[in-house]
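Q: Hey, dropping structure.pdb in here, PDB, C-alpha atoms, pLDDT in the B column:
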```pdb
MODEL        1
ATOM      1  CA  MET A   1      77.213  42.101   2.191  1.00 57.00           C
ATOM      2  CA  SER A   2      74.337  44.230   3.432  1.00 45.00           C
ATOM      3  CA  GLY A   3      71.075  42.777   4.647  1.00 47.00           C
ATOM      4  CA  ALA A   4      68.935  45.374   2.847  1.00 47.00           C
ATOM      5  CA  ALA A   5      67.492  42.742   0.492  1.00 48.00           C
ATOM      6  CA  ASP A   6      66.296  40.730   3.494  1.00 49.00           C
ATOM      7  CA  ALA A   7      63.566  43.230   4.296  1.00 45.00           C
ATOM      8  CA  ALA A   8      62.391  43.254   0.653  1.00 48.00           C
ATOM      9  CA  THR A   9      62.065  39.455   0.464  1.00 57.00           C
ATOM     10  CA  ALA A  10      58.644  37.936   1.132  1.00 61.00           C
ATOM     11  CA  ASP A  11      58.327  36.831   4.765  1.00 64.00           C
ATOM     12  CA  ASP A  12      57.934  33.157   3.863  1.00 74.00           C
ATOM     13  CA  ALA A  13      60.658  33.074   1.188  1.00 89.00           C
ATOM     14  CA  VAL A  14      64.112  31.652   1.795  1.00 95.00           C
ATOM     15  CA  ILE A  15      66.727  34.364   1.327  1.00 95.00           C
ATOM     16  CA  LEU A  16      69.345  33.230  -1.187  1.00 97.00           C
ATOM     17  CA  LYS A  17      72.997  34.254  -0.910  1.00 97.00           C
ATOM     18  CA  SER A  18      76.263  33.358  -2.639  1.00 98.00           C
ATOM     19  CA  ARG A  19      79.774  33.562  -1.174  1.00 98.00           C
ATOM     20  CA  VAL A  20      83.260  33.056  -2.570  1.00 98.00           C
ATOM     21  CA  LEU A  21      86.226  31.731  -0.649  1.00 98.00           C
ATOM     22  CA  LEU A  22      89.115  33.459  -2.434  1.00 97.00           C
ATOM     23  CA  ILE A  23      92.514  31.906  -1.794  1.00 97.00           C
ATOM     24  CA  ASP A  24      95.771  33.491  -2.935  1.00 97.00           C
ATOM     25  CA  GLN A  25      99.005  31.790  -4.011  1.00 95.00           C
ATOM     26  CA  ALA A  26     100.213  31.791  -0.383  1.00 96.00           C
ATOM     27  CA  GLY A  27      97.100  29.950   0.815  1.00 96.00           C
ATOM     28  CA  ARG A  28      95.522  33.006   2.434  1.00 98.00           C
ATOM     29  CA  ALA A  29      91.786  33.781   2.335  1.00 98.00           C
ATOM     30  CA  LEU A  30      90.401  37.261   1.645  1.00 98.00           C
ATOM     31  CA  LEU A  31      87.989  38.355   4.387  1.00 98.00           C
ATOM     32  CA  PHE A  32      86.093  41.550   5.152  1.00 98.00           C
ATOM     33  CA  PHE A  33      85.451  42.830   8.694  1.00 97.00           C
ATOM     34  CA  THR A  34      81.788  43.735   8.437  1.00 94.00           C
ATOM     35  CA  ARG A  35      79.117  44.973  10.804  1.00 90.00           C
ATOM     36  CA  ALA A  36      76.209  42.583  11.304  1.00 84.00           C
ATOM     37  CA  ASP A  37      72.673  43.459  10.200  1.00 79.00           C
ATOM     38  CA  VAL A  38      71.610  43.692  13.857  1.00 82.00           C
ATOM     39  CA  ALA A  39      73.639  45.968  16.132  1.00 79.00           C
ATOM     40  CA  THR A  40      73.648  43.462  18.996  1.00 79.00           C
ATOM     41  CA  ASN A  41      75.415  40.858  16.798  1.00 81.00           C
ATOM     42  CA  PRO A  42      79.199  41.096  16.575  1.00 85.00           C
ATOM     43  CA  THR A  43      81.187  42.641  13.772  1.00 93.00           C
ATOM     44  CA  ARG A  44      82.730  39.659  12.053  1.00 96.00           C
ATOM     45  CA  TRP A  45      85.115  38.542   9.318  1.00 98.00           C
ATOM     46  CA  LEU A  46      83.445  37.001   6.283  1.00 97.00           C
ATOM     47  CA  THR A  47      84.100  36.247   2.632  1.00 98.00           C
ATOM     48  CA  PRO A  48      82.913  38.323  -0.326  1.00 98.00           C
ATOM     49  CA  GLY A  49      79.327  37.596  -1.299  1.00 97.00           C
ATOM     50  CA  GLY A  50      75.745  38.588  -0.848  1.00 95.00           C
ATOM     51  CA  HIS A  51      72.136  38.291  -1.943  1.00 94.00           C
ATOM     52  CA  LEU A  52      70.917  37.046  -5.274  1.00 97.00           C
ATOM     53  CA  GLU A  53      69.098  39.634  -7.361  1.00 95.00           C
ATOM     54  CA  ALA A  54      65.873  38.772  -9.202  1.00 93.00           C
ATOM     55  CA  GLY A  55      66.497  36.140 -11.856  1.00 94.00           C
ATOM     56  CA  GLU A  56      70.111  35.444 -10.822  1.00 96.00           C
ATOM     57  CA  THR A  57      71.618  32.038 -10.259  1.00 97.00           C
ATOM     58  CA  HIS A  58      73.919  31.527  -7.287  1.00 97.00           C
ATOM     59  CA  ARG A  59      76.968  31.386  -9.597  1.00 97.00           C
ATOM     60  CA  ARG A  60      75.984  34.602 -11.423  1.00 98.00           C
ATOM     61  CA  ALA A  61      75.429  36.372  -8.085  1.00 97.00           C
ATOM     62  CA  ALA A  62      78.859  35.222  -6.880  1.00 98.00           C
ATOM     63  CA  VAL A  63      80.500  36.687 -10.018  1.00 98.00           C
ATOM     64  CA  ARG A  64      78.634  39.986  -9.551  1.00 97.00           C
ATOM     65  CA  GLU A  65      79.360  40.203  -5.828  1.00 97.00           C
ATOM     66  CA  LEU A  66      83.081  39.530  -6.390  1.00 97.00           C
ATOM     67  CA  PHE A  67      83.225  42.383  -8.870  1.00 97.00           C
ATOM     68  CA  GLU A  68      81.192  44.782  -6.721  1.00 96.00           C
ATOM     69  CA  GLU A  69      83.035  44.036  -3.481  1.00 96.00           C
ATOM     70  CA  THR A  70      86.604  43.513  -4.710  1.00 97.00           C
ATOM     71  CA  GLY A  71      86.877  44.693  -8.324  1.00 97.00           C
ATOM     72  CA  LEU A  72      87.907  41.174  -9.388  1.00 97.00           C
ATOM     73  CA  VAL A  73      86.488  40.124 -12.751  1.00 97.00           C
ATOM     74  CA  VAL A  74      85.894  36.378 -13.178  1.00 97.00           C
ATOM     75  CA  SER A  75      83.641  34.231 -15.321  1.00 97.00           C
ATOM     76  CA  GLU A  76      80.990  31.857 -14.043  1.00 96.00           C
ATOM     77  CA  ALA A  77      83.047  28.979 -15.433  1.00 95.00           C
ATOM     78  CA  GLN A  78      86.042  29.977 -13.280  1.00 95.00           C
ATOM     79  CA  LEU A  79      83.976  29.408 -10.144  1.00 95.00           C
ATOM     80  CA  GLY A  80      83.235  25.798 -10.999  1.00 90.00           C
ATOM     81  CA  ALA A  81      80.920  23.693  -8.879  1.00 93.00           C
ATOM     82  CA  VAL A  82      79.500  24.625  -5.494  1.00 96.00           C
ATOM     83  CA  PHE A  83      82.208  24.037  -2.872  1.00 96.00           C
ATOM     84  CA  TRP A  84      79.920  24.105   0.184  1.00 97.00           C
ATOM     85  CA  SER A  85      76.398  25.177   1.082  1.00 98.00           C
ATOM     86  CA  GLN A  86      74.415  25.866   4.206  1.00 97.00           C
ATOM     87  CA  ASP A  87      70.865  26.508   5.306  1.00 97.00           C
ATOM     88  CA  PHE A  88      70.492  28.611   8.438  1.00 95.00           C
ATOM     89  CA  THR A  89      68.291  30.982  10.382  1.00 94.00           C
ATOM     90  CA  GLY A  90      69.476  34.595  10.477  1.00 91.00           C
ATOM     91  CA  GLU A  91      68.311  37.837  12.027  1.00 89.00           C
ATOM     92  CA  PRO A  92      68.133  40.562   9.332  1.00 87.00           C
ATOM     93  CA  ALA A  93      66.428  42.978  11.740  1.00 87.00           C
ATOM     94  CA  PRO A  94      65.961  43.031  15.520  1.00 89.00           C
ATOM     95  CA  ASP A  95      63.732  40.127  16.586  1.00 89.00           C
ATOM     96  CA  VAL A  96      63.071  39.087  12.948  1.00 90.00           C
ATOM     97  CA  LEU A  97      64.209  35.552  12.121  1.00 92.00           C
ATOM     98  CA  ARG A  98      64.454  34.414   8.489  1.00 94.00           C
ATOM     99  CA  GLN A  99      65.590  31.296   6.643  1.00 96.00           C
ATOM    100  CA  TYR A 100      68.677  31.565   4.414  1.00 96.00           C
ATOM    101  CA  ARG A 101      70.376  29.377   1.805  1.00 97.00           C
ATOM    102  CA  GLU A 102      74.014  30.082   0.922  1.00 97.00           C
ATOM    103  CA  GLU A 103      76.048  28.454  -1.815  1.00 98.00           C
ATOM    104  CA  TRP A 104      79.812  28.859  -1.645  1.00 98.00           C
ATOM    105  CA  TYR A 105      82.361  28.792  -4.449  1.00 97.00           C
ATOM    106  CA  LEU A 106      86.111  28.376  -4.256  1.00 96.00           C
ATOM    107  CA  LEU A 107      88.521  30.430  -6.354  1.00 96.00           C
ATOM    108  CA  ARG A 108      92.309  30.549  -6.458  1.00 95.00           C
ATOM    109  CA  THR A 109      93.698  33.966  -7.406  1.00 96.00           C
ATOM    110  CA  GLU A 110      96.816  36.051  -7.179  1.00 96.00           C
ATOM    111  CA  ALA A 111      96.831  38.324  -4.111  1.00 96.00           C
ATOM    112  CA  PHE A 112      95.423  41.743  -4.959  1.00 97.00           C
ATOM    113  CA  LEU A 113      94.186  44.889  -3.251  1.00 97.00           C
ATOM    114  CA  PRO A 114      90.371  45.017  -3.326  1.00 97.00           C
ATOM    115  CA  VAL A 115      88.799  48.233  -4.566  1.00 96.00           C
ATOM    116  CA  ASP A 116      85.623  49.811  -3.230  1.00 95.00           C
ATOM    117  CA  THR A 117      84.628  51.537  -6.477  1.00 96.00           C
ATOM    118  CA  HIS A 118      81.377  49.548  -6.798  1.00 95.00           C
ATOM    119  CA  TRP A 119      80.400  49.307  -3.118  1.00 93.00           C
ATOM    120  CA  THR A 120      76.850  50.162  -2.131  1.00 90.00           C
ATOM    121  CA  PRO A 121      76.241  53.013   0.333  1.00 90.00           C
ATOM    122  CA  GLU A 122      75.514  50.343   2.990  1.00 88.00           C
ATOM    123  CA  GLU A 123      78.826  48.586   2.332  1.00 90.00           C
ATOM    124  CA  ARG A 124      80.664  51.895   2.779  1.00 90.00           C
ATOM    125  CA  ILE A 125      79.184  52.016   6.293  1.00 89.00           C
ATOM    126  CA  ASP A 126      79.309  48.297   7.168  1.00 91.00           C
ATOM    127  CA  VAL A 127      82.761  47.253   5.929  1.00 93.00           C
ATOM    128  CA  GLU A 128      85.387  48.320   8.446  1.00 94.00           C
ATOM    129  CA  ALA A 129      88.455  46.510   7.066  1.00 96.00           C
ATOM    130  CA  TRP A 130      89.681  43.735   4.805  1.00 97.00           C
ATOM    131  CA  ARG A 131      92.752  41.508   4.779  1.00 98.00           C
ATOM    132  CA  TRP A 132      94.214  38.221   3.579  1.00 98.00           C
ATOM    133  CA  TRP A 133      94.218  35.601   6.383  1.00 98.00           C
ATOM    134  CA  THR A 134      96.360  32.504   6.797  1.00 98.00           C
ATOM    135  CA  LEU A 135      94.820  29.365   8.266  1.00 98.00           C
ATOM    136  CA  ASP A 136      97.013  29.767  11.347  1.00 98.00           C
ATOM    137  CA  GLU A 137      95.795  33.354  11.871  1.00 98.00           C
ATOM    138  CA  MET A 138      92.178  32.256  11.550  1.00 98.00           C
ATOM    139  CA  GLU A 139      92.686  29.435  14.050  1.00 97.00           C
ATOM    140  CA  LYS A 140      94.209  31.830  16.613  1.00 98.00           C
ATOM    141  CA  THR A 141      91.977  34.887  16.270  1.00 97.00           C
ATOM    142  CA  ALA A 142      89.561  35.940  18.993  1.00 97.00           C
ATOM    143  CA  ASP A 143      87.551  37.848  16.342  1.00 96.00           C
ATOM    144  CA  SER A 144      84.252  36.421  15.141  1.00 95.00           C
ATOM    145  CA  LEU A 145      84.337  34.522  11.854  1.00 97.00           C
ATOM    146  CA  GLU A 146      81.221  33.871   9.796  1.00 96.00           C
ATOM    147  CA  PRO A 147      80.247  31.151   9.413  1.00 96.00           C
ATOM    148  CA  THR A 148      81.698  29.613  12.547  1.00 95.00           C
ATOM    149  CA  VAL A 149      83.088  26.769  10.393  1.00 97.00           C
ATOM    150  CA  LEU A 150      85.081  29.178   8.179  1.00 98.00           C
ATOM    151  CA  THR A 151      88.435  27.875   9.469  1.00 98.00           C
ATOM    152  CA  ASP A 152      87.377  24.322   8.621  1.00 97.00           C
ATOM    153  CA  LEU A 153      86.303  25.465   5.148  1.00 97.00           C
ATOM    154  CA  LEU A 154      89.692  27.048   4.497  1.00 97.00           C
ATOM    155  CA  ARG A 155      91.465  23.915   5.738  1.00 96.00           C
ATOM    156  CA  ARG A 156      89.319  21.783   3.430  1.00 95.00           C
ATOM    157  CA  ALA A 157      89.921  24.137   0.494  1.00 95.00           C
ATOM    158  CA  LEU A 158      93.686  24.047   0.997  1.00 95.00           C
ATOM    159  CA  ASN A 159      93.501  20.244   0.779  1.00 91.00           C
ATOM    160  CA  THR A 160      91.497  20.353  -2.469  1.00 82.00           C
ATOM    161  CA  PRO A 161      93.656  18.931  -5.313  1.00 72.00           C
ATOM    162  CA  LEU A 162      92.776  21.907  -7.513  1.00 61.00           C
ATOM    163  CA  LEU A 163      94.498  24.245  -5.049  1.00 53.00           C
ATOM    164  CA  ARG A 164      97.650  22.260  -4.285  1.00 45.00           C
TER     165      ARG A 164
ENDMDL
END
```
Please lay out the structure from this file as C-alpha cells.

A:
Amino acid sequence: MSGAADAATADDAVILKSRVLLIDQAGRALLFFTRADVATNPTRWLTPGGHLEAGETHRRAAVRELFEETGLVVSEAQLGAVFWSQDFTGEPAPDVLRQYREEWYLLRTEAFLPVDTHWTPEERIDVEAWRWWTLDEMEKTADSLEPTVLTDLLRRALNTPLLR
C-alpha cells in the first residue's frame, strides 16, 4: 500500500502496481482506510494491493500483496485474468508527479478477518482501518474511494457470471 517504492523507481519509469477486488459471499468488498502518500491528499478506502517487486509479474505481485496485507493465501491461477486496468498520474511525494500502471484482479472468497502479521512498518502507520463494504454503502459514503470508479468496479464485478 505504501508509496516507498515510488521514490526508488527511475524518474522516467512507469510505476507498476497490482490490486485485488476481494468479494465475499454476501457481495461485499474488502477495503482498507489508508493514508495517502502525500499529506494533503485525503485518507481513502482502497483494495489490497501494491507495487511490483523486481522481476514480478502483476499476478505474482497481487498474490504476494494479498498475503502480506490480509494473510489470505491464494494461487496465481485463482486470480484468473486481469479484471480491469488503469494508467494514471499520481503524486508519490509533494509536487512529484509520476506515471502509474495498475492491473486489477477479481477474487471471490469467504469473509475473513485480515491479519497484519506481514505488514510493513509503513503499513502499520498508513492503514487506519479495514472493513467489508456493500455496494449500497459504497454508493452512499462521503469518504474518498480510490480509484473514484471503485463503486462502478464493484457493480461490474457483482454482475460477472463467475460471481453470481

Q: Which residues would end up in the selection if the PyMOL selection byres ((chain A and resi 18-27) around 6) were applied here, given that I need the answer as a list of chain:residue names?

A: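 This file, filtered by the PyMOL selection byres ((chain A and resi 18-27) around 6), leaves A:Lys17, A:Arg28, A:Ala29, A:Leu30, A:Thr47, A:Pro48, A:Gly49, A:Gly50, A:His58, A:Ala62, A:Glu102, A:Glu103, A:Trp104, A:Tyr105, A:Leu106, A:Leu107, A:Arg108, A:Thr109, A:Glu110, A:Ala111.
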
Q: Keeping C-alpha atoms, export the residues of the selection given above as a JSON list (two decimals), in the frame of the given file.

A:
```json
[["chain", "number", "residue", "atom", "x", "y", "z"],
["A", 17, "LYS", "CA", 73.00, 34.25, -0.91],
["A", 28, "ARG", "CA", 95.52, 33.01, 2.43],
["A", 29, "ALA", "CA", 91.79, 33.78, 2.34],
["A", 30, "LEU", "CA", 90.40, 37.26, 1.64],
["A", 47, "THR", "CA", 84.10, 36.25, 2.63],
["A", 48, "PRO", "CA", 82.91, 38.32, -0.33],
["A", 49, "GLY", "CA", 79.33, 37.60, -1.30],
["A", 50, "GLY", "CA", 75.74, 38.59, -0.85],
["A", 58, "HIS", "CA", 73.92, 31.53, -7.29],
["A", 62, "ALA", "CA", 78.86, 35.22, -6.88],
["A", 102, "GLU", "CA", 74.01, 30.08, 0.92],
["A", 103, "GLU", "CA", 76.05, 28.45, -1.82],
["A", 104, "TRP", "CA", 79.81, 28.86, -1.64],
["A", 105, "TYR", "CA", 82.36, 28.79, -4.45],
["A", 106, "LEU", "CA", 86.11, 28.38, -4.26],
["A", 107, "LEU", "CA", 88.52, 30.43, -6.35],
["A", 108, "ARG", "CA", 92.31, 30.55, -6.46],
["A", 109, "THR", "CA", 93.70, 33.97, -7.41],
["A", 110, "GLU", "CA", 96.82, 36.05, -7.18],
["A", 111, "ALA", "CA", 96.83, 38.32, -4.11]]
```

Q: Distance CA of Val38 in chain A-CA of Pro92 in chain A, one decimal place?

A: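 Pair CA of Val38 in chain A / CA of Pro92 in chain A returns 6.5 Å.
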
Q: Please, what distance in Å, to one decimal, runs between CA of Glu76 in chain A and CA of Asp12 in chain A?

A: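 These two atoms are separated by 29.2 Å.
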
Q: Pull out every residue that the PyMOL selection byres ((chain A and resi 64-69) around 9) matches in the shown coordinates and put them as a list in words.

A: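 When the PyMOL selection byres ((chain A and resi 64-69) around 9) is applied to the shown file, the picked residues are Met1, Ser18, Arg19, Val20, Pro48, Gly49, Gly50, His51, Arg59, Arg60, Ala61, Ala62, Val63, Thr70, Gly71, Leu72, Val73, Val74, Pro114, Val115, Asp116, Thr117, His118, Trp119, Thr120 and Glu123 of chain A.
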
Q: Please evaluate the PyMOL selection byres ((chain A and resi 140-152) around 10) against the structure above and give the resulting residues as a PyMOL selection string.

A: chain A and resi 21+29+31-34+42-47+86+134-139+153-158

Q: Rounded to one decimal place, report the CA of Val127 in chain A-CA of Asp37 in chain A distance in Å.

A: 11.6 Å
